[in-house]
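Raw protein-v3.cif, mmCIF, C-alpha atoms:
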```cif
data_run
loop_
_atom_site.label_atom_id
_atom_site.label_comp_id
_atom_site.auth_asym_id
_atom_site.auth_seq_id
_atom_site.Cartn_x
_atom_site.Cartn_y
_atom_site.Cartn_z
CA MET A 1 0.00 0.00 0.00
CA LYS A 2 2.78 2.39 0.89
CA LEU A 3 4.66 1.38 -2.27
CA ASN A 4 1.68 2.24 -4.45
CA MET A 5 1.29 5.59 -2.80
CA ALA A 6 5.00 6.33 -3.31
CA GLU A 7 4.75 5.51 -7.01
CA GLU A 8 1.92 7.99 -7.42
CA GLU A 9 3.13 11.55 -7.89
CA ASP A 10 2.17 14.13 -5.38
CA TYR A 11 -0.06 16.78 -6.92
CA MET A 12 1.84 19.36 -4.85
CA SER A 13 5.28 18.31 -6.16
CA ASP A 14 7.41 20.45 -8.52
CA SER A 15 7.09 18.00 -11.40
CA PHE A 16 3.34 18.28 -11.31
CA ILE A 17 3.26 22.08 -11.01
CA ASN A 18 5.85 22.81 -13.76
CA VAL A 19 3.96 20.81 -16.42
CA GLN A 20 1.67 23.52 -17.80
CA GLN A 21 0.09 24.20 -21.14
CA ASP A 22 1.77 26.74 -23.43
CA ILE A 23 -0.60 29.70 -23.32
CA ARG A 24 1.60 32.39 -24.96
CA PRO A 25 -0.47 35.29 -26.42
CA GLY A 26 -1.28 34.91 -30.13
CA LEU A 27 0.02 31.35 -30.47
CA PRO A 28 -3.39 29.73 -31.22
CA MET A 29 -4.07 32.39 -33.86
CA LEU A 30 -0.75 31.69 -35.60
CA ARG A 31 -1.52 28.00 -35.70
CA GLN A 32 -4.89 28.66 -37.28
CA ILE A 33 -3.37 30.91 -39.95
CA ARG A 34 -0.73 28.30 -40.85
CA GLU A 35 -3.34 25.58 -41.07
CA ALA A 36 -5.54 27.74 -43.31
CA ARG A 37 -2.60 28.40 -45.63
CA ARG A 38 -1.80 24.71 -45.92
CA LYS A 39 -5.40 23.95 -46.81
CA GLU A 40 -5.44 26.73 -49.41
CA GLU A 41 -2.22 25.50 -51.07
CA LYS A 42 -3.53 21.95 -51.21
CA GLN A 43 -6.78 23.20 -52.74
CA GLN A 44 -4.89 25.16 -55.41
CA GLU A 45 -2.79 22.13 -56.31
CA ALA A 46 -5.91 20.02 -56.63
CA ASN A 47 -7.57 22.66 -58.81
CA LEU A 48 -4.56 22.74 -61.14
CA LYS A 49 -4.62 18.96 -61.52
CA ASN A 50 -8.37 18.73 -62.02
CA ARG A 51 -8.76 21.88 -64.15
CA GLN A 52 -10.05 21.18 -67.62
CA LYS A 53 -7.77 22.61 -70.27
CA SER A 54 -9.20 25.07 -72.76
CA LEU A 55 -9.45 24.34 -76.45
CA LYS A 56 -6.58 26.71 -77.28
CA GLU A 57 -4.32 25.09 -74.72
CA GLU A 58 -5.06 21.62 -76.07
CA GLU A 59 -4.38 22.79 -79.63
CA GLN A 60 -1.12 24.35 -78.52
CA GLU A 61 0.00 21.16 -76.78
CA ARG A 62 -0.84 19.01 -79.79
CA ARG A 63 0.92 21.45 -82.10
CA ASP A 64 4.06 21.48 -79.93
CA ILE A 65 4.14 17.69 -79.83
CA GLY A 66 3.73 17.47 -83.59
CA LEU A 67 6.48 20.01 -84.28
CA LYS A 68 8.91 18.28 -81.93
CA ASN A 69 8.58 14.95 -83.72
CA ALA A 70 10.32 14.44 -87.06
CA LEU A 71 8.37 13.29 -90.11
CA GLY A 72 8.24 9.55 -90.55
CA CYS A 73 7.66 7.22 -93.46
CA GLU A 74 3.92 7.39 -92.85
CA ASN A 75 3.96 10.97 -94.13
CA LYS A 76 3.19 10.91 -97.87
CA GLY A 77 5.30 13.96 -98.70
CA PHE A 78 8.30 12.53 -96.86
CA ALA A 79 7.83 9.16 -98.53
CA LEU A 80 7.86 10.80 -101.97
CA LEU A 81 11.09 12.62 -101.10
CA GLN A 82 12.70 9.34 -100.03
CA LYS A 83 11.74 7.76 -103.34
CA MET A 84 13.53 10.60 -105.12
CA GLY A 85 16.72 9.89 -103.14
CA TYR A 86 16.27 12.21 -100.19
CA LYS A 87 17.78 11.18 -96.86
CA SER A 88 16.93 12.52 -93.41
CA GLY A 89 19.13 15.52 -92.49
CA GLN A 90 20.10 16.19 -96.11
CA ALA A 91 19.72 19.66 -97.64
CA LEU A 92 17.17 20.11 -100.42
CA GLY A 93 18.08 20.82 -104.02
CA LYS A 94 19.93 19.01 -106.77
CA SER A 95 23.28 20.33 -105.56
CA GLY A 96 22.38 20.05 -101.88
CA ASP A 97 22.54 23.78 -101.14
CA GLY A 98 18.93 24.20 -100.06
CA ILE A 99 17.38 24.36 -96.62
CA VAL A 100 17.86 21.56 -94.09
CA GLU A 101 15.18 22.46 -91.54
CA PRO A 102 11.52 22.86 -92.56
CA ILE A 103 10.03 26.31 -92.89
CA PRO A 104 8.95 27.37 -89.39
CA LEU A 105 5.27 27.51 -88.60
CA ASN A 106 3.98 30.89 -87.47
CA VAL A 107 0.53 30.53 -85.96
CA LYS A 108 -1.63 33.64 -86.01
CA THR A 109 -3.67 33.77 -82.81
CA GLY A 110 -4.95 37.37 -82.90
CA LYS A 111 -8.02 38.77 -84.61
CA SER A 112 -6.18 41.37 -86.70
CA GLY A 113 -6.00 41.05 -90.46
CA LEU A 114 -3.10 39.95 -92.57
CA GLY A 115 -0.28 42.50 -92.70
CA HIS A 116 -1.26 44.11 -89.40
CA GLU A 117 1.99 43.10 -87.72
CA ALA A 118 4.00 44.51 -90.63
CA LEU A 119 2.03 47.75 -90.30
CA LEU A 120 2.79 47.96 -86.59
CA LYS A 121 6.45 47.28 -87.28
CA ARG A 122 6.57 50.00 -89.94
CA LYS A 123 4.88 52.50 -87.62
CA ALA A 124 7.34 51.66 -84.85
CA GLU A 125 10.26 52.19 -87.24
CA GLU A 126 8.80 55.52 -88.40
CA LYS A 127 8.34 56.61 -84.79
CA LEU A 128 11.92 55.63 -83.98
CA GLU A 129 13.23 57.49 -87.05
CA SER A 130 11.22 60.58 -86.08
CA TYR A 131 12.67 60.42 -82.57
CA ARG A 132 16.19 60.12 -84.00
CA ARG A 133 15.62 63.14 -86.25
CA LYS A 134 14.41 65.20 -83.29
CA ILE A 135 17.47 64.20 -81.25
CA HIS A 136 19.74 65.04 -84.21
CA MET A 137 18.09 68.45 -84.69
CA LYS A 138 18.35 69.13 -80.95
CA ASN A 139 22.04 68.24 -80.95
CA GLN A 140 22.64 70.46 -84.00
CA ALA A 141 20.82 73.35 -82.32
CA GLU A 142 22.92 72.93 -79.17
CA GLU A 143 26.13 72.80 -81.21
CA THR A 144 25.10 75.91 -83.16
CA ALA A 145 24.28 77.77 -79.95
CA ALA A 146 27.60 76.75 -78.42
CA GLU A 147 29.50 77.86 -81.54
CA GLN A 148 27.69 81.23 -81.56
CA PHE A 149 28.52 81.68 -77.88
CA ARG A 150 32.19 80.96 -78.58
CA LEU A 151 32.19 83.45 -81.46
CA ARG A 152 30.56 86.16 -79.32
CA LEU A 153 33.05 85.49 -76.53
CA LYS A 154 35.98 85.66 -78.95
CA HIS A 155 34.60 88.85 -80.50
CA LYS A 156 34.29 90.38 -77.03
CA GLN A 157 37.85 89.37 -76.17
CA ASP A 158 39.10 90.85 -79.45
CA GLU A 159 37.28 94.12 -78.71
CA VAL A 160 38.83 94.31 -75.25
CA LYS A 161 42.28 93.69 -76.74
CA LEU A 162 41.74 96.34 -79.42
CA GLU A 163 40.61 98.86 -76.81
CA GLY A 164 43.74 98.16 -74.78
CA ASP A 165 45.98 98.57 -77.85
CA LEU A 166 44.20 101.82 -78.73
CA ARG A 167 44.69 103.29 -75.23
CA ARG A 168 48.34 102.27 -75.30
CA SER A 169 48.74 103.93 -78.71
CA GLN A 170 47.05 107.12 -77.45
CA ARG A 171 49.37 107.33 -74.45
CA ALA A 172 52.43 106.74 -76.65
CA CYS A 173 51.20 109.33 -79.17
CA GLN A 174 50.66 111.94 -76.47
CA GLN A 175 54.10 111.31 -74.97
CA LEU A 176 55.92 111.36 -78.33
CA ASP A 177 54.02 114.44 -79.55
CA THR A 178 54.89 116.25 -76.32
CA GLN A 179 58.55 115.39 -76.76
CA LYS A 180 58.39 117.08 -80.20
CA ASN A 181 56.63 120.13 -78.69
CA ILE A 182 53.35 119.31 -80.47
CA GLN A 183 50.74 121.03 -78.31
CA VAL A 184 47.63 120.00 -80.21
CA PRO A 185 47.11 116.48 -81.58
CA ARG A 186 46.27 115.96 -85.23
CA GLU A 187 42.90 114.53 -84.14
CA ALA A 188 41.26 114.92 -80.76
CA TRP A 189 41.09 111.18 -80.16
CA TYR A 190 44.86 110.76 -80.86
CA TRP A 191 45.53 111.57 -77.21
CA LEU A 192 44.04 109.65 -74.31
CA GLY A 193 41.47 111.57 -72.23
CA LEU A 194 41.72 114.78 -74.24
CA GLU A 195 38.07 114.76 -75.18
CA GLU A 196 37.02 114.32 -71.55
CA GLU A 197 38.90 117.48 -70.51
CA THR A 198 37.11 119.72 -73.04
CA ASP A 199 34.21 121.87 -71.89
CA GLU A 200 30.59 121.43 -72.95
CA GLU A 201 30.75 124.56 -75.10
CA GLU A 202 33.64 123.14 -77.09
CA GLU A 203 31.69 119.93 -77.61
CA LYS A 204 28.77 121.88 -79.09
CA GLU A 205 31.12 123.64 -81.52
CA GLN A 206 32.54 120.45 -83.01
CA ASP A 207 32.47 120.43 -86.78
CA GLU A 208 31.38 117.71 -89.14
CA ASP A 209 34.86 116.17 -89.20
CA ASP A 210 34.61 115.44 -85.50
CA TYR A 211 31.31 113.63 -86.04
CA LYS A 212 32.91 111.58 -88.79
CA ASN A 213 35.72 110.66 -86.43
CA GLU A 214 33.21 109.45 -83.86
CA ASP A 215 31.82 107.06 -86.47
CA LEU A 216 35.16 105.31 -86.78
CA SER A 217 35.41 101.87 -85.21
CA ILE A 218 38.06 100.96 -82.66
CA LEU A 219 39.94 98.91 -85.24
CA GLU A 220 39.94 101.79 -87.74
CA LYS A 221 41.17 104.23 -85.09
CA LEU A 222 43.91 101.80 -84.09
CA GLN A 223 45.04 101.37 -87.69
CA ILE A 224 45.11 105.13 -88.28
CA LEU A 225 46.91 105.92 -85.03
CA THR A 226 49.54 103.16 -85.38
CA GLY A 227 50.16 104.33 -88.93
CA TYR A 228 50.67 107.88 -87.64
CA LEU A 229 53.11 106.67 -84.97
CA ARG A 230 55.13 104.71 -87.54
CA GLU A 231 55.29 107.56 -90.05
CA GLU A 232 55.70 110.49 -87.67
CA HIS A 233 57.69 108.97 -84.80
CA LEU A 234 59.04 105.69 -86.28
CA TYR A 235 57.45 103.95 -83.29
CA CYS A 236 55.75 100.54 -83.06
CA ILE A 237 53.54 99.94 -80.02
CA TRP A 238 53.85 96.13 -80.27
CA CYS A 239 57.65 96.25 -80.47
CA GLY A 240 57.72 99.05 -77.87
CA THR A 241 60.63 100.62 -79.73
CA ALA A 242 61.29 103.90 -81.52
CA TYR A 243 63.50 103.14 -84.52
CA GLU A 244 66.24 105.39 -85.93
CA ASP A 245 64.92 105.67 -89.47
CA LYS A 246 62.42 104.12 -91.86
CA GLU A 247 64.91 101.56 -93.09
CA ASP A 248 65.54 100.41 -89.54
CA LEU A 249 61.78 100.23 -88.95
CA SER A 250 61.05 98.18 -92.11
CA SER A 251 63.92 95.75 -91.51
CA ASN A 252 63.51 95.10 -87.77
CA CYS A 253 59.76 95.50 -87.18
CA PRO A 254 57.70 92.42 -88.20
CA GLY A 255 54.79 94.50 -89.49
CA PRO A 256 52.16 97.18 -88.82
CA THR A 257 49.58 94.89 -87.15
CA ALA A 258 49.35 92.86 -83.94
CA ALA A 259 49.03 89.63 -85.97
CA ASP A 260 52.46 90.26 -87.49
CA HIS A 261 53.96 90.24 -83.99
CA ASP A 262 52.44 86.90 -82.85
#
```
File written out as structure tokens:
Amino acid sequence: MKLNMAEEEDYMSDSFINVQQDIRPGLPMLRQIREARRKEEKQQEANLKNRQKSLKEEEQERRDIGLKNALGCENKGFALLQKMGYKSGQALGKSGDGIVEPIPLNVKTGKSGLGHEALLKRKAEEKLESYRRKIHMKNQAEETAAEQFRLRLKHKQDEVKLEGDLRRSQRACQQLDTQKNIQVPREAWYWLGLEEETDEEEEKEQDEDDYKNEDLSILEKLQILTGYLREEHLYCIWCGTAYEDKEDLSSNCPGPTAADHD
């Protein structure tokens, strides 16, 4: 009796208390979701196996099977070729330079008419060509704009250089004229800043020659003034030298322009 009671576990013992059911929050819900997914997957597999194939699918399968298999002797056309000496894998033609594989079968499944695919292809090519022309025209316009910008920038740089050469020539002319006791320049613009020092009354009394001089461009003024310096003072602004005589000037100076001195 005591042995039987000892074999029975005490309901107050640790082994009895620690054995509890797993009651973590959300665990039963997760199990239900997993079970529902398994049932759904099995149902989908069963539907795929039991689904009746459509007429198009059956035709496609039969066509694929027929195209995969080579023609046999039961085919009348192939039998006639064999009678004429044709062997399987041999090219067609008397000299054997024809096709080896049969002409591929292109099945038309859409409802469009004959030539519709060619029309779509031609329209796609025309659209692509139009896009290429637009890109080409855009690139040409960008290149033209860039070239015009470079020309304007170069023209501006040339103008700045001409203005600097003209001011340098005016300063040299004023200095050389003063050394020769020339009190009044041949033209008002021959000397730098001379026109700014004149009064308003003198500006109103300018004659027509002065107005003509104002119409001269910077390049024309520079050419006239450098010519005056070379003839009158035997001086070249680009060489920075006053020569002894005309022969010395012509033999040692590269030329009368800035390009000759590059």
Given the PyMOL selection byres ((chain A and resi 160-173) around 10), the residues it picks as an MDAnalysis selection string: chainID A and resid 154:159 174:179 185 189:194 218:223 225:226 228:229 232:233 235:238 240 258
Counting all atoms listed in the file, which residues of region 74-173 of chain A sit at most 12 Å from some atom of region 61-66 of chain A, and what is each one's closest atom pair with its distance in Å to one decimal, listed by chain and rising residue number, as a tab-separated table?
```
residue	atom	partner	partner_atom	distance
A:Leu105	CA	A:Arg63	CA	9.9
A:Asn106	CA	A:Arg63	CA	11.3
A:Val107	CA	A:Arg63	CA	9.9
```
Step by step, gather every atom of region 104-116 of chain A that the file lists, find the box along x, y and z that holds them, add 5 Å on each side, and finally give centre and edge lengths in Å to one decimal, as JSON.
```
{"center_x": 0.5, "center_y": 35.7, "center_z": -87.8, "size_x": 27.0, "size_y": 26.7, "size_z": 19.9}
```
CA of Leu153 (chain A) to CA of Pro254 (chain A), straight-line distance in Å: 28.1 Å
Protein and nucleic acid residues near (9.5, 15.7, -89.8) (cut-off 12 Å, all atoms listed in the file) as a ChimeraX atom specification: /A:65-79,81,87-89,100-104
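CA of Leu234 (chain A) is found 14.4 Å from CA of Thr257 (chain A).
Distance-wise, CA of Glu142 (chain A) and CA of Glu129 (chain A) end up 19.9 Å apart.
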